[in-house]
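Chemist: One structure, as structure tokens, below. Some questions next.
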Amino acid sequence: MSYSIELELQKFPKTVVLKDGKKATLRPLQKTDEKDFHQLFLGIPEPERMFIKHRVTDIKVIRDWCQNIDYGRNLPLVALIGGKIVGDATLHQQLGGWKRHIGRVSVLVHPEFRGRGLARALIAEILELARGEGLEKVEAEFIGEQKAAVHMFAMLGFSQLLSLENYVKDMQAITHDYILMGLELKTDEEYAGVGG
Ligand SMILES: CC(C)(COP(=O)(O)OP(=O)(O)OC[C@H]1O[C@@H](n2cnc3c(N)ncnc32)[C@H](O)[C@@H]1OP(=O)(O)O)[C@@H](O)C(=O)NCCC(=O)NCCS
């Protein structure tokens, strides 16, 4: 793990207060989260699960993620309420290549816990981590049906970079439109007004 991530992660676990007054704990995914993390995906309705790139109902997929945690590549930040994982936002990075300055964010909140500001809180943390990592941009990918998510990312400052008709296939090999959204990150120096 790079020194910068190690430093950044020191602020977790972190408690956030949601719109309904309930508290959620945010922290990076741990090796021991396998069962709980799997439960989060099992709680996502089948039609929505089709939007997820990986076969997340398969415990083997989740086990592999938990056993091979590499925060420099994939940094899953989970949200817990009452000890249960109810949401996740992950920062994906490519270490090298022409997208090395671009992070990708994905987010998922259990249906019972939506509309309380959990995704907003998770993404805000992810953006801060991305800035801390020195990334310059963050992108997010969607299929056309993910209207709520596209709307939410737009409200968080992301803009649509491109949209391709019938470009991707879900787990059942049904094609969908593909939408790429992006956000330019301001560096800490720019915030401080030193960046010129
Ligand atoms: C998209 C998703 C993550 C939102 O989670 P959430 O915790 O309910 O979102 P929040 O409560 O933090 O909402 C953040 C903002 O988005 C808006 N928003 C959330 N869901 C919305 C919806 N269904 N329709 C319109 N706006 C919506 C809210 O109004 C809120 O704005 P506000 O804070 O100004 O009120 C959740 O619905 C989900 O997991 N969807 C399935 C997975 C997905 O599509 N992920 C994105 C792919 S990367």
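If you're wondering about the labels, chains in the structure tokens are A, B, ... by order shown, residues count from 1 in each chain, ligands from 1 in order shown.
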For ligand 1, list the contacting residues at 6 Å or closer, counting only C-alpha atoms and all ligand atoms, as a ChimeraX atom specification.

Modeler: /A:106-109,114-120,140-142,146,148-149,151-152

Chemist: Could you go through chain A and tell me which residues DSSP, when run on the backbone, assigns to strand (DSSP E), listing them as a PyMOL selection string?

Modeler: chain A and resi 14-17+23-28+74-81+84-92+102-109+137-143+159-169+175-184

Chemist: Compare A:Ile44, A:Ile102, A:Leu129, A:Val56 by their minimum atom-to-atom distance to Leu9 (chain A), counting only C-alpha atoms, and give me the closest one.

Modeler: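 Of the candidates, the smallest distance to Leu9 (chain A) is held by A:Leu129.
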